[in-house]
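Coordinates from run.txt are shown below (compact mmCIF, C-alpha atoms).
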```txt
# COMPACT_ATOMS: atom_id res chain seq x y z
CA MET A 1 -47.13 -98.68 -93.93
CA ALA A 2 -46.93 -95.75 -91.54
CA THR A 3 -44.54 -92.80 -91.70
CA ILE A 4 -42.23 -91.55 -89.00
CA ARG A 5 -40.76 -88.04 -88.87
CA ILE A 6 -37.10 -87.75 -87.92
CA PRO A 7 -35.85 -84.69 -85.97
CA THR A 8 -33.27 -82.52 -87.76
CA PRO A 9 -30.18 -83.69 -85.80
CA LEU A 10 -30.82 -87.34 -86.67
CA ARG A 11 -31.43 -86.86 -90.40
CA GLN A 12 -27.71 -87.27 -91.07
CA TYR A 13 -28.31 -90.96 -90.28
CA THR A 14 -31.31 -91.30 -92.65
CA ALA A 15 -29.59 -89.99 -95.78
CA GLY A 16 -31.11 -86.58 -95.08
CA GLN A 17 -34.70 -87.83 -95.21
CA ALA A 18 -37.20 -86.18 -92.86
CA GLU A 19 -39.90 -88.85 -93.21
CA ILE A 20 -39.39 -92.59 -93.45
CA ALA A 21 -41.95 -95.23 -94.41
CA VAL A 22 -42.02 -97.90 -91.72
CA SER A 23 -43.90 -101.13 -91.09
CA GLY A 24 -44.91 -102.81 -87.87
CA ALA A 25 -48.03 -103.61 -85.89
CA ASN A 26 -47.08 -101.48 -82.90
CA VAL A 27 -44.74 -98.64 -81.91
CA GLY A 28 -41.97 -101.01 -80.77
CA ALA A 29 -42.06 -102.91 -84.07
CA VAL A 30 -42.07 -99.67 -86.07
CA LEU A 31 -38.97 -98.43 -84.22
CA ALA A 32 -37.27 -101.79 -84.78
CA ASP A 33 -38.03 -101.49 -88.50
CA LEU A 34 -36.66 -97.93 -88.53
CA THR A 35 -33.36 -98.93 -86.91
CA ALA A 36 -33.13 -101.98 -89.20
CA GLN A 37 -33.39 -99.62 -92.19
CA TYR A 38 -30.98 -97.09 -90.69
CA PRO A 39 -28.72 -98.88 -88.15
CA ALA A 40 -26.69 -95.75 -87.32
CA LEU A 41 -29.80 -94.31 -85.61
CA LYS A 42 -29.69 -97.00 -82.94
CA ALA A 43 -26.92 -95.52 -80.78
CA HIS A 44 -28.83 -92.25 -80.49
CA LEU A 45 -32.30 -93.71 -79.87
CA TYR A 46 -31.39 -96.55 -77.50
CA ALA A 47 -29.18 -96.66 -74.40
CA ASP A 48 -26.71 -99.51 -73.88
CA ASN A 49 -29.33 -101.42 -71.85
CA GLY A 50 -31.66 -101.56 -74.88
CA GLU A 51 -34.18 -99.06 -73.47
CA LEU A 52 -35.18 -95.95 -75.41
CA ARG A 53 -33.03 -93.04 -74.25
CA ALA A 54 -34.74 -90.72 -71.79
CA PHE A 55 -34.83 -87.84 -74.29
CA VAL A 56 -36.61 -89.83 -77.01
CA ASN A 57 -40.34 -89.14 -77.19
CA VAL A 58 -42.51 -90.83 -79.78
CA PHE A 59 -45.75 -89.19 -80.85
CA LEU A 60 -48.47 -91.08 -82.72
CA ASN A 61 -50.86 -88.77 -84.53
CA ASP A 62 -49.86 -85.93 -82.15
CA GLU A 63 -50.19 -87.95 -78.94
CA ASP A 64 -47.23 -89.01 -76.78
CA VAL A 65 -47.23 -92.83 -76.83
CA ARG A 66 -46.32 -92.80 -73.11
CA HIS A 67 -49.90 -91.64 -72.60
CA LEU A 68 -51.17 -94.50 -74.79
CA GLN A 69 -49.71 -98.00 -74.47
CA GLY A 70 -46.03 -97.19 -74.94
CA ALA A 71 -44.19 -99.59 -77.25
CA ASP A 72 -47.34 -101.77 -77.40
CA THR A 73 -49.46 -98.97 -78.90
CA PRO A 74 -51.01 -100.37 -82.12
CA VAL A 75 -50.00 -98.71 -85.40
CA LYS A 76 -52.26 -98.75 -88.47
CA ASP A 77 -51.55 -98.09 -92.14
CA GLY A 78 -51.40 -94.37 -92.75
CA ASP A 79 -50.56 -93.44 -89.15
CA ARG A 80 -48.08 -90.61 -88.68
CA LEU A 81 -45.43 -90.93 -86.00
CA MET A 82 -42.86 -88.36 -84.90
CA ILE A 83 -39.69 -88.63 -82.85
CA VAL A 84 -39.44 -85.50 -80.72
CA PRO A 85 -36.42 -85.00 -78.46
CA SER A 86 -36.54 -83.61 -74.96
CA ILE A 87 -33.48 -81.57 -74.17
CA ALA A 88 -31.91 -81.70 -70.76
CA GLY A 89 -28.57 -81.03 -69.22
CA GLY A 90 -26.90 -79.32 -66.39
CA MET A 91 -23.63 -78.85 -64.68
CA ARG A 92 -23.80 -81.76 -62.22
CA SER A 93 -22.71 -85.09 -63.72
CA MET B 1 -18.67 -72.50 -86.61
CA LEU B 2 -21.64 -70.92 -84.88
CA THR B 3 -22.28 -67.29 -85.80
CA ILE B 4 -24.53 -65.16 -83.62
CA ARG B 5 -25.34 -61.46 -83.47
CA ARG B 6 -24.42 -59.50 -80.35
CA GLU B 7 -28.07 -58.54 -79.91
CA ALA B 8 -29.04 -62.24 -79.73
CA ILE B 9 -26.25 -62.88 -77.21
CA LYS B 10 -27.66 -60.04 -75.08
CA GLN B 11 -31.10 -61.66 -75.22
CA ILE B 12 -29.59 -64.97 -74.08
CA GLU B 13 -27.68 -63.25 -71.27
CA ALA B 14 -30.80 -61.48 -70.03
CA HIS B 15 -32.75 -64.76 -69.89
CA LEU B 16 -29.94 -66.65 -68.12
CA GLU B 17 -29.26 -63.85 -65.63
CA ALA B 18 -32.99 -63.74 -64.79
CA ALA B 19 -32.92 -67.51 -64.14
CA TYR B 20 -29.89 -67.24 -61.81
CA PRO B 21 -29.14 -68.95 -59.41
CA ASN B 22 -31.01 -71.61 -61.36
CA GLU B 23 -30.11 -72.88 -64.78
CA GLY B 24 -31.89 -71.22 -67.68
CA ALA B 25 -32.28 -72.55 -71.20
CA GLY B 26 -33.81 -72.01 -74.61
CA LEU B 27 -33.50 -72.78 -78.30
CA LEU B 28 -31.37 -71.31 -81.05
CA LEU B 29 -33.26 -70.88 -84.34
CA GLY B 30 -31.34 -70.30 -87.53
CA THR B 31 -29.83 -71.78 -90.65
CA ALA B 32 -27.25 -74.48 -91.31
CA ASN B 33 -25.37 -74.67 -94.60
CA GLY B 34 -24.50 -78.37 -94.45
CA THR B 35 -20.75 -77.85 -94.06
CA GLY B 36 -20.78 -77.29 -90.33
CA ASN B 37 -21.54 -73.58 -90.37
CA LYS B 38 -24.62 -72.44 -88.51
CA ARG B 39 -26.00 -68.96 -88.07
CA VAL B 40 -28.41 -68.00 -85.28
CA GLU B 41 -31.25 -65.79 -86.53
CA ALA B 42 -33.51 -65.85 -83.48
CA VAL B 43 -33.46 -66.91 -79.85
CA LEU B 44 -36.36 -68.64 -78.13
CA PRO B 45 -36.04 -68.39 -74.32
CA LEU B 46 -37.96 -71.19 -72.59
CA GLU B 47 -38.94 -72.20 -69.10
CA ASN B 48 -36.80 -74.74 -67.23
CA ARG B 49 -39.17 -77.71 -66.74
CA TRP B 50 -37.00 -79.58 -64.26
CA GLU B 51 -38.46 -79.87 -60.75
CA GLY B 52 -37.95 -76.72 -58.70
CA SER B 53 -35.30 -77.81 -56.22
CA GLU B 54 -33.12 -79.33 -58.93
CA GLN B 55 -33.13 -76.28 -61.19
CA SER B 56 -29.88 -74.99 -59.70
CA HIS B 57 -27.97 -77.71 -61.56
CA ARG B 58 -30.36 -79.11 -64.15
CA PHE B 59 -32.54 -77.94 -66.99
CA LEU B 60 -35.20 -79.66 -69.06
CA LEU B 61 -37.04 -78.65 -72.21
CA GLY B 62 -39.89 -81.07 -72.80
CA PRO B 63 -41.27 -82.43 -76.06
CA GLN B 64 -44.00 -79.77 -76.12
CA ASP B 65 -41.28 -77.09 -75.94
CA MET B 66 -39.45 -78.75 -78.82
CA LEU B 67 -42.64 -78.99 -80.88
CA HIS B 68 -43.30 -75.32 -80.16
CA GLY B 69 -39.70 -74.51 -81.17
CA GLU B 70 -39.98 -76.49 -84.41
CA GLN B 71 -43.26 -74.76 -85.29
CA GLU B 72 -41.84 -71.33 -84.45
CA ALA B 73 -38.74 -72.08 -86.56
CA ALA B 74 -40.86 -73.30 -89.49
CA ARG B 75 -43.01 -70.15 -89.31
CA ARG B 76 -39.86 -68.07 -89.80
CA GLY B 77 -38.31 -70.34 -92.45
CA LEU B 78 -35.63 -71.48 -89.97
CA ASP B 79 -34.60 -74.67 -88.16
CA VAL B 80 -33.90 -75.44 -84.51
CA ILE B 81 -30.09 -75.50 -84.74
CA GLY B 82 -29.11 -75.65 -81.10
CA ILE B 83 -29.79 -75.19 -77.43
CA PHE B 84 -28.43 -72.62 -75.00
CA HIS B 85 -28.21 -73.11 -71.24
CA SER B 86 -26.36 -71.73 -68.25
CA HIS B 87 -23.97 -73.23 -65.72
CA PRO B 88 -24.37 -70.98 -62.66
CA ASN B 89 -20.97 -70.35 -61.01
CA HIS B 90 -19.50 -73.16 -63.08
CA PRO B 91 -17.32 -73.46 -66.22
CA ALA B 92 -19.03 -73.33 -69.63
CA GLU B 93 -18.08 -76.93 -70.35
CA PRO B 94 -20.43 -79.88 -70.91
CA SER B 95 -20.96 -82.29 -68.01
CA GLY B 96 -21.43 -86.05 -68.15
CA PHE B 97 -25.13 -85.45 -67.64
CA ASP B 98 -25.20 -83.07 -70.60
CA ARG B 99 -23.67 -85.84 -72.73
CA GLU B 100 -26.15 -88.48 -71.61
CA TRP B 101 -28.99 -86.32 -72.91
CA ALA B 102 -27.32 -84.74 -75.91
CA LEU B 103 -28.03 -85.13 -79.58
CA PRO B 104 -25.49 -84.86 -82.37
CA TRP B 105 -25.54 -81.93 -84.83
CA TYR B 106 -27.18 -79.43 -82.43
CA SER B 107 -24.92 -76.65 -81.16
CA TYR B 108 -24.84 -76.59 -77.35
CA LEU B 109 -24.10 -73.03 -76.29
CA ILE B 110 -23.17 -73.00 -72.58
CA THR B 111 -22.86 -69.78 -70.60
CA THR B 112 -21.19 -69.33 -67.24
CA VAL B 113 -23.29 -67.07 -65.03
CA ALA B 114 -21.22 -65.98 -62.01
CA GLN B 115 -22.75 -63.97 -59.19
CA GLY B 116 -25.76 -63.30 -61.42
CA ARG B 117 -23.80 -62.03 -64.41
CA ALA B 118 -23.21 -63.83 -67.72
CA MET B 119 -19.44 -64.10 -68.09
CA GLN B 120 -18.42 -66.56 -70.78
CA HIS B 121 -20.01 -68.35 -73.73
CA ARG B 122 -18.68 -71.52 -75.35
CA SER B 123 -20.30 -73.76 -77.95
CA TRP B 124 -20.01 -77.54 -78.18
CA LEU B 125 -20.95 -80.37 -80.54
CA LEU B 126 -21.52 -83.99 -79.49
CA ARG B 127 -19.31 -86.49 -81.33
CA ASP B 128 -21.09 -89.01 -83.55
CA ASP B 129 -20.02 -91.90 -81.32
CA ARG B 130 -21.28 -90.01 -78.21
CA SER B 131 -17.82 -90.36 -76.60
CA GLY B 132 -17.51 -86.65 -75.84
CA TYR B 133 -17.81 -83.14 -77.19
CA ASP B 134 -15.70 -81.00 -79.48
CA GLU B 135 -15.66 -77.28 -79.00
CA GLU B 136 -17.14 -75.32 -81.87
CA GLU B 137 -15.83 -71.93 -82.90
CA LEU B 138 -18.20 -69.21 -81.75
CA MET B 139 -18.29 -65.96 -83.69
CA ILE B 140 -20.18 -63.04 -82.17
CA ILE B 141 -20.82 -60.35 -84.76
CA ASN B 142 -22.06 -56.79 -84.45
CA ASP B 143 -25.34 -56.08 -86.21
```

As structure tokens, how would this structure be written, given the file I've shared?
Amino acid sequence: MATIRIPTPLRQYTAGQAEIAVSGANVGAVLADLTAQYPALKAHLYADNGELRAFVNVFLNDEDVRHLQGADTPVKDGDRLMIVPSIAGGMRS
Amino acid sequence: MLTIRREAIKQIEAHLEAAYPNEGAGLLLGTANGTGNKRVEAVLPLENRWEGSEQSHRFLLGPQDMLHGEQEAARRGLDVIGIFHSHPNHPAEPSGFDREWALPWYSYLITTVAQGRAMQHRSWLLRDDRSGYDEEELMIIND
């Protein structure tokens, strides 16, 4: 099992828990396990087309998985993952 | 309700006026009591990471900024409770783009900056189903 850290605004969907034990051989599988455990997270992590939302960044042991192998990045027992949001906005829709 | 001291509002205004005519942004650090009341204890002005030419109508705080904000909040015994940003010469209301990128629970404090001066502040919360925002009462208190 690995653990994944949930950012404060999403903890309302994980019964207030900051860290969740997750299983899966790679980052994509770990995220699928997370949303299977806590289905209400899905709408905030994934867009309607099934892709991760643009503001969702996943770090594995302090490295952004976009700089590794993305969803295919292997995950080992004891690894620590974090979901870190980017924040964007602006007045033009 | 979002409670903020006038001194913190002045710090936000100074940062957003300095960013004008571009959008400025930063994080609100503070406490949340679990019943919808938040109190800002510190303001963390940050750099707009969006590409230069787009900064007049967009802002971006990257994951490193958020990590920095979380660490800074933890150091002070606080949480990141929201985000502030400006709408230059535009109403302090969330746009469709704001909603696409928004997270629930955070307070989104939007400030109209008109002709280089901060004019109006309004705070917003994303609905759980992401269908829109509800305005949050904003209380500015004297120190």

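Set the cut-off at 6 Å, count all atoms listed in the file, and the residues of chain B near chain A turn out to be His57, Arg58, Phe59, Leu60, Leu61, Gly62, Pro63, His87, Ser95, Gly96, Phe97, Asp98, Trp101, Pro104 and Trp105 of chain B.
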
Write out the residues from the selection above, keeping C-alpha atoms, as an mmCIF file, in the frame of the given file.
```
data_model
loop_
_atom_site.group_PDB
_atom_site.id
_atom_site.type_symbol
_atom_site.label_atom_id
_atom_site.label_comp_id
_atom_site.auth_asym_id
_atom_site.auth_seq_id
_atom_site.Cartn_x
_atom_site.Cartn_y
_atom_site.Cartn_z
ATOM 1 C CA HIS B 57 -27.970 -77.710 -61.560
ATOM 2 C CA ARG B 58 -30.360 -79.110 -64.150
ATOM 3 C CA PHE B 59 -32.540 -77.940 -66.990
ATOM 4 C CA LEU B 60 -35.200 -79.660 -69.060
ATOM 5 C CA LEU B 61 -37.040 -78.650 -72.210
ATOM 6 C CA GLY B 62 -39.890 -81.070 -72.800
ATOM 7 C CA PRO B 63 -41.270 -82.430 -76.060
ATOM 8 C CA HIS B 87 -23.970 -73.230 -65.720
ATOM 9 C CA SER B 95 -20.960 -82.290 -68.010
ATOM 10 C CA GLY B 96 -21.430 -86.050 -68.150
ATOM 11 C CA PHE B 97 -25.130 -85.450 -67.640
ATOM 12 C CA ASP B 98 -25.200 -83.070 -70.600
ATOM 13 C CA TRP B 101 -28.990 -86.320 -72.910
ATOM 14 C CA PRO B 104 -25.490 -84.860 -82.370
ATOM 15 C CA TRP B 105 -25.540 -81.930 -84.830
#
```

Q. Of the residues A:Ala36, A:Leu68, A:Leu41, A:Ala2, which is the one nearest to Val22 of chain A, using all atoms listed in the file?
A.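 Closest candidate: A:Ala2.
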
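Atom CA of Tyr133 of chain B is found 23.1 Å from atom CA of Glu51 of chain A.
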
Open item on the list: To one decimal place in Å, what is the distance between atom CA of Val30 of chain A and atom CA of Tyr13 of chain A?
Closed with: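 Distance reported for this atom pair: 16.8 Å.
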
### Separation of atom CA of Gln64 of chain B from atom CA of Glu7 of chain B, in Å and rounded to one decimal
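Separation between atom CA of Gln64 of chain B and atom CA of Glu7 of chain B: 26.8 Å.
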
Take the point (-37.8, -69.5, -89.8) in the file's coordinates, draw a sphere of radius 9 Å around it, and report as a ChimeraX atom specification every protein, DNA or RNA residue with an atom inside or on it, counting all atoms listed in the file.
-> /B:29-31,41-42,71-80

Using all atoms listed in the file, the best pick from B:Ile9, B:Leu125, B:Met119, B:Ile140 as closest to Leu103 of chain B would be B:Leu125

- Arg117 of chain B: which residues within 10 Å, counting all atoms listed in the file, same-chain residues fewer than 3 positions away excluded, as number ranges by chain? B: 13-14, 16-18, 20, 88-89, 111-114, 120
